[in-house]
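Presented below is the structure to which this report refers.
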Amino acid sequence: MQGLPGLQVIRPTAFPAVLMLALWPLFMLLPARASRGFFIVSGIGLVTLLGGPLLAGAIVAVVLLGYALTEAVARQQHNRRAKFILGLLGLHAAYWASFMLTPPAAFTTLREADRVPVFILFSGVGVTFFRLVSYYYDRMRGTVERVALIDYLAHMCFFPQLRHGPIERCREFSRKIAGARQNWQPTDAGIGLARVGVGFGLLLGFANLMA
C-alpha cells in the first residue's frame with residue numbers, strides 16, 4: 001500500500017475521515033437538538049487538524065461572509081440583477097484567490113505542480129465555493145426561503161461532504177438534519193461503514209489511475 005501513488009494523494013484526507021467515524025458514537029449520544037452544533041464543531045475541528053487554524057478560520061470566515069452577501073443581495077429590490085452578478089463575481093474572485101494559498105506540510109510530498117490544485121480539491125475549499133454558489137443562486141431565484149444561520153453552518157461544515165461533496169442543496173440538507181434522529185436505526189451504522197469501504201476502494205483505484 002505504501003507504494004501506491006494514489007494512497008499518497010488521499011492520505012492527507014484519510015486520517016481526518018477516520019477520526020470523523022470515531023466521533024459518530026458521540027453524535028448518537030447527544031440530544032437531537034445538538035445535532036447541528038455537533039456537525040459545526042466537528043467539521044471545523046477536523047479541518048483545523050488537517051490544515052491548521054489559518055485554513056479553518058479562513059473557510060469559516062468565507063462561509064459567514066458568503067451567507068451575509070447572499071442575504072444582503074436577496075433583500076435588494078432595485079438593480080437586483082446587477083448586484084447578483086457582482087456578488088457572483090465576488091465569490092469567484094475569492095475562489096481563484098485561494099490558489100495563492102500555501103499548502104500545508106501534508107501536501108509537500110506531492111509533485112510541486114500538483115500541490116496547490118490537490119490542496120484546493122481535498123481541503124474543502126473547492127466544495128465550499130460550489131456550496132456557496134448553490135445557496136446564492138437558489139436565493140436569487142427565489143426558490144427557497146432564508147435558511148437559519150445555524151442550519152446553514154451545519155450544511156457548510158458537515159465534514160463528510162465538506163471535503164469531497166456531493167454538493168447538496170442547503171434547504172434539503174436542513175430537512176434531513178431535522179429528521180436525522182427520528183428514523184435512525186443501529187443497522188444504519190453498518191450500512192454506512194460498508195458504503196465507506198466501497199467508496200474508499202473506488203477512490204483509491206481512481207487516484208492510482210490518475211497518478
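Following the order of the C-alpha cells, first chain is A, next is B, and so on, with residues numbered from 1 inside each chain and ligands from 1 in the order they appear.
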
Can you pull out every residue within 9 Å of segment 15-31 of chain A, counting only C-alpha atoms, but drop anything in the same chain fewer than 3 positions away, and send it as a ChimeraX atom specification? /A:11-12,34-35,38-39,42-43,46-47,49-50,159-160,181,193

Please give the complete set of residues from segment 32-123 of chain A that DSSP, run on the backbone, assigns to alpha helix (DSSP H), formatted as an MDAnalysis selection string. chainID A and resid 35:51 53:74 80:97 112:122

Keeping only C-alpha atoms, write the selected residues to a file as a CSV table (one decimal), in the first residue's frame.
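The result, written out as part.csv:
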chain,number,residue,atom,x,y,z
A,35,SER,CA,-27.0,17.6,16.1
A,36,ARG,CA,-26.4,20.8,14.2
A,37,GLY,CA,-23.8,22.0,16.7
A,38,PHE,CA,-22.1,18.6,16.5
A,39,PHE,CA,-21.6,18.9,12.8
A,40,ILE,CA,-20.4,22.5,13.0
A,41,VAL,CA,-17.8,21.9,15.8
A,42,SER,CA,-16.6,18.5,14.4
A,43,GLY,CA,-16.2,19.9,10.9
A,44,ILE,CA,-14.2,23.0,11.9
A,45,GLY,CA,-12.1,20.9,14.3
A,46,LEU,CA,-11.1,18.3,11.7
A,47,VAL,CA,-10.3,21.0,9.1
A,48,THR,CA,-8.1,22.6,11.8
A,49,LEU,CA,-6.4,19.3,12.4
A,50,LEU,CA,-5.7,18.8,8.7
A,51,GLY,CA,-4.8,22.3,7.5
A,53,PRO,CA,-6.2,27.1,12.3
A,54,LEU,CA,-5.5,29.6,9.5
A,55,LEU,CA,-7.2,27.4,6.9
A,56,ALA,CA,-10.1,26.6,9.2
A,57,GLY,CA,-10.6,30.2,10.2
A,58,ALA,CA,-10.4,31.3,6.5
A,59,ILE,CA,-13.1,28.8,5.5
A,60,VAL,CA,-15.4,29.8,8.4
A,61,ALA,CA,-14.9,33.5,7.5
A,62,VAL,CA,-15.7,32.9,3.8
A,63,VAL,CA,-18.8,30.8,4.8
A,64,LEU,CA,-20.1,33.6,7.0
A,65,LEU,CA,-19.3,36.3,4.5
A,66,GLY,CA,-21.0,34.3,1.8
A,67,TYR,CA,-24.1,34.0,3.9
A,68,ALA,CA,-24.1,37.7,4.7
A,69,LEU,CA,-23.6,38.6,1.0
A,70,THR,CA,-26.3,36.2,-0.2
A,71,GLU,CA,-28.9,37.5,2.3
A,72,ALA,CA,-28.0,41.2,1.6
A,73,VAL,CA,-28.4,40.8,-2.1
A,74,ALA,CA,-31.6,38.7,-1.7
A,80,ARG,CA,-31.1,43.2,-8.3
A,81,ARG,CA,-29.7,41.6,-11.5
A,82,ALA,CA,-26.6,43.8,-11.4
A,83,LYS,CA,-26.0,43.1,-7.7
A,84,PHE,CA,-26.5,39.4,-8.3
A,85,ILE,CA,-23.8,39.4,-11.0
A,86,LEU,CA,-21.4,41.5,-8.8
A,87,GLY,CA,-21.9,39.1,-5.9
A,88,LEU,CA,-21.3,36.1,-8.1
A,89,LEU,CA,-18.1,37.6,-9.4
A,90,GLY,CA,-17.0,38.3,-5.8
A,91,LEU,CA,-17.5,34.6,-4.9
A,92,HIS,CA,-15.5,33.6,-8.0
A,93,ALA,CA,-12.7,36.0,-7.1
A,94,ALA,CA,-12.5,34.5,-3.6
A,95,TYR,CA,-12.2,31.1,-5.1
A,96,TRP,CA,-9.4,31.9,-7.5
A,97,ALA,CA,-7.6,33.8,-4.8
A,112,GLU,CA,5.2,20.7,-6.9
A,113,ALA,CA,2.8,21.3,-9.8
A,114,ASP,CA,0.1,19.2,-8.1
A,115,ARG,CA,0.3,20.7,-4.6
A,116,VAL,CA,-2.0,23.7,-4.9
A,117,PRO,CA,-4.7,22.0,-7.1
A,118,VAL,CA,-4.8,18.9,-4.9
A,119,PHE,CA,-4.8,21.0,-1.8
A,120,ILE,CA,-7.8,23.1,-3.1
A,121,LEU,CA,-9.6,19.8,-4.0
A,122,PHE,CA,-9.0,17.9,-0.8

Taking only C-alpha atoms into account, which of A:Phe158, A:Phe130, A:Phe200, A:Tyr136 comes nearest Phe173 of chain A? A:Phe158

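Here atom CA of Gly52 of chain A stands at a distance of 18.4 Å from atom CA of His164 of chain A.
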
My list of candidates is A:Ala178, A:Leu202, A:Val125, A:Ala148. Which is closest to Gly165 of chain A when distances are computed with only C-alpha atoms? A:Val125
